[in-house]
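J.: Before I ask anything, here is the structure I am working with.
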Amino acid sequence: MSEIRHVIRAVRGDEWAKVKELRIAALLDPAASVAFLETVEQAQERSDEFWQGRAEGASHGRAARQFVAEAPDGTWDGSVTVLVEEGGTTDFFDQAVEQTQGHVVGVFVRSGQRGTGLTEALFAAALEWVWGLEEPVLEHVRLFVHEENARAGAFYRRYGFEPSGTVVPVPGDTGAKELEYVYRRPAAV
């Protein structure tokens, strides 16, 4: 594993153009069809106001936080976003959220940076933020992985996520399934 020279940090509200560029890069990745629930066409059609709101909403507060890996030249080479799903609400898959929890979405690292430790560094920052939240304290973080995204599933298991057994249909594609993985709050936190 090579030395990580990136800064891992939360996005700032005014960085919407970079948020948009990285999301479109992610959606152009060959694995996008089994990694994201959005197409590149949908993302490109979104207004600047949408991207401004996304960056602002993921830069502060408790509802969401987006972490990026910024290279020394200012390029963003990866991102992880955590949404806080409040207990008593309904999630993206129309499933009841029983207790307040974190939900990791939008995981992406540019192909040239995969295997360098960047994904682990992004997850470490995201989970540090989650475990630091108070009232209510989050007991676990979850994510979903497409049943055909073996590379991502293997990474999540290596990192410490465990399959929960929950399986949901992919929205818009009832023949495909998303598998839920859960990472429980460490006892020492």
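Residue names in the structure tokens use chain letters A, B, ... in the order shown, residue numbers from 1 in each chain, and ligand numbers from 1 in the order shown.
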Could you pull out all residues of stretch 10-157 of chain A with a DSSP call of strand (DSSP E or B) and give them as an NGL selection string?
T.: :A and (10 or 64-70 or 76-85 or 90 or 96 or 101-109 or 140-146)
J.: Compile the contact shell of A:Ala176 as a JSON list (two decimals) with C-alpha atoms, in the first residue's frame: residues with an atom at most 9 Å away, counting only C-alpha atoms, same-chain residues fewer than 5 positions apart removed.
T.:
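Result file out-v2.json:
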[["chain", "number", "residue", "atom", "x", "y", "z"],
["A", 146, "HIS", "CA", -25.79, -4.52, -5.37],
["A", 147, "GLU", "CA", -25.70, -8.31, -5.43],
["A", 148, "GLU", "CA", -23.45, -8.19, -8.52],
["A", 168, "VAL", "CA", -34.33, -5.28, -1.03],
["A", 169, "PRO", "CA", -35.17, -4.94, -4.72],
["A", 170, "VAL", "CA", -33.22, -2.35, -6.68],
["A", 171, "PRO", "CA", -35.61, 0.55, -7.36]]
J.: Please build the interface table for stretch 32-64 of chain A against stretch 137-143 of chain A with a cut-off of 12 Å, listing for each qualifying residue the nearest atom pair and the distance in Å to one decimal; count only C-alpha atoms, order rows by chain and increasing number, and write it as CSV.
T.:
residue,atom,partner,partner_atom,distance
A:Ala35,CA,A:Leu143,CA,11.3
A:Phe36,CA,A:Leu143,CA,11.8
A:Arg62,CA,A:Val137,CA,11.5
J.: Limited to all heavy atoms, could you put the picked residues into a file as a compact mmCIF listing (two decimals), in the first residue's frame?
T.:
# COMPACT_ATOMS: atom_id res chain seq x y z
N ALA A 35 -23.36 0.17 -8.79
CA ALA A 35 -22.87 0.89 -7.62
C ALA A 35 -23.78 2.05 -7.20
O ALA A 35 -23.79 2.42 -6.04
CB ALA A 35 -21.46 1.42 -7.86
N PHE A 36 -24.52 2.62 -8.14
CA PHE A 36 -25.30 3.81 -7.85
C PHE A 36 -26.73 3.66 -8.35
O PHE A 36 -26.98 2.98 -9.34
CB PHE A 36 -24.65 5.05 -8.48
CG PHE A 36 -23.23 5.25 -8.05
CD1 PHE A 36 -22.19 5.01 -8.93
CD2 PHE A 36 -22.93 5.65 -6.76
CE1 PHE A 36 -20.86 5.17 -8.53
CE2 PHE A 36 -21.62 5.81 -6.35
CZ PHE A 36 -20.58 5.57 -7.24
N ARG A 62 -26.31 17.76 11.22
CA ARG A 62 -26.36 16.36 11.61
C ARG A 62 -26.97 15.46 10.55
O ARG A 62 -26.77 14.24 10.58
CB ARG A 62 -27.20 16.25 12.90
CG ARG A 62 -27.34 14.85 13.42
CD ARG A 62 -28.30 14.81 14.60
NE ARG A 62 -28.68 13.45 14.89
CZ ARG A 62 -28.04 12.66 15.75
NH1 ARG A 62 -26.99 13.10 16.39
NH2 ARG A 62 -28.45 11.41 15.95
J.: Can you tell me, as a PyMOL selection string, what residues are no more than 12 Å from A:Gly102 when counting only C-alpha atoms, ignoring any on the same chain fewer than 4 positions away?
T.: chain A and resi 62-65+81-87+91+97+126-133+136-144+181-185
J.: Within 12 Å of A:Gly74, counting only C-alpha atoms, which residues qualify if same-chain residues fewer than 6 places away don't, as a PyMOL selection string?
T.: chain A and resi 5-8+15+18+68
J.: Which parts of stretch 1-174 of chain A does DSSP call helix (DSSP H, G or I) when run on the backbone here, written out as a PyMOL selection string?
T.: chain A and resi 16-28+32-35+40-45+48-57+111-113+118-132+150-159
J.: Could you check which of A:Asp29, A:Asp77, A:Glu70, A:Asp173 is closest to A:Val109, using only C-alpha atoms?
T.: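 Looking at the shortest contact to A:Val109, the residue is A:Asp77.
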J.: What's the separation between atom CA of A:Leu179 and atom CA of A:Gln101, in Å to one decimal place?
T.: 16.7 Å
J.: Which residue is closest to A:Glu120? Choose from A:Thr174, A:Ser79, A:Ser47, A:Asn149 and count only C-alpha atoms.
T.: A:Ser79
J.: Counting only C-alpha atoms, which residue out of A:Glu45, A:Thr75, A:Ala69, A:Val145 sits closest to A:Arg114?
T.: A:Ala69
J.: When you draw a straight line from atom CA of A:Gly57 to atom CA of A:Arg12, how long is it in Å?
T.: 9.4 Å
J.: Tell me, in Å to one decimal, how far atom CA of A:Arg9 is from atom CA of A:Gly78.
T.: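 Computing the Euclidean distance for atom CA of A:Arg9 and atom CA of A:Gly78 yields 10.8 Å.
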J.: Do you have, as CSV, the list of residues of stretch 5-113 of chain A lying at most 12 Å from stretch 150-166 of chain A, each with its nearest atom pair and that distance in Å to one decimal, counting only C-alpha atoms and ordered by chain then number?
T.:
residue,atom,partner,partner_atom,distance
A:Ala31,CA,A:Arg151,CA,9.6
A:Ala32,CA,A:Ala152,CA,11.5
A:Val34,CA,A:Ala150,CA,9.7
A:Ala35,CA,A:Ala152,CA,8.3
A:Phe36,CA,A:Ala152,CA,11.7
A:Phe93,CA,A:Thr166,CA,11.6
A:Gln95,CA,A:Thr166,CA,10.7
A:Val104,CA,A:Tyr156,CA,11.0
A:Gly106,CA,A:Ala152,CA,11.9
A:Val107,CA,A:Ala152,CA,9.2
A:Phe108,CA,A:Ala152,CA,10.0
A:Val109,CA,A:Ala152,CA,11.2
J.: Can you tell me which residues surround stretch 49-52 of chain A at a distance of at most 7 Å, considering only C-alpha atoms, apart from same-chain residues fewer than 3 positions away, and format the answer as a ChimeraX atom specification?
T.: /A:16,20,46,55-56
J.: So that I have them on file, write out the residues from the current selection with N, CA and C atoms, as an mmCIF file, in the first residue's frame.
T.:
data_model
loop_
_atom_site.group_PDB
_atom_site.id
_atom_site.type_symbol
_atom_site.label_atom_id
_atom_site.label_comp_id
_atom_site.auth_asym_id
_atom_site.auth_seq_id
_atom_site.Cartn_x
_atom_site.Cartn_y
_atom_site.Cartn_z
ATOM 1 N N TRP A 16 -19.812 23.130 -4.573
ATOM 2 C CA TRP A 16 -20.805 22.377 -5.325
ATOM 3 C C TRP A 16 -20.299 21.931 -6.695
ATOM 4 N N LYS A 20 -20.334 18.080 -7.919
ATOM 5 C CA LYS A 20 -20.965 17.654 -9.181
ATOM 6 C C LYS A 20 -19.972 16.904 -10.066
ATOM 7 N N ARG A 46 -29.414 17.740 -13.657
ATOM 8 C CA ARG A 46 -29.747 18.467 -12.425
ATOM 9 C C ARG A 46 -29.219 19.901 -12.504
ATOM 10 N N ALA A 55 -24.235 20.197 -1.786
ATOM 11 C CA ALA A 55 -22.967 20.522 -1.118
ATOM 12 C C ALA A 55 -23.228 21.203 0.227
ATOM 13 N N GLU A 56 -24.133 22.158 0.238
ATOM 14 C CA GLU A 56 -24.446 22.866 1.487
ATOM 15 C C GLU A 56 -24.971 21.897 2.537
#
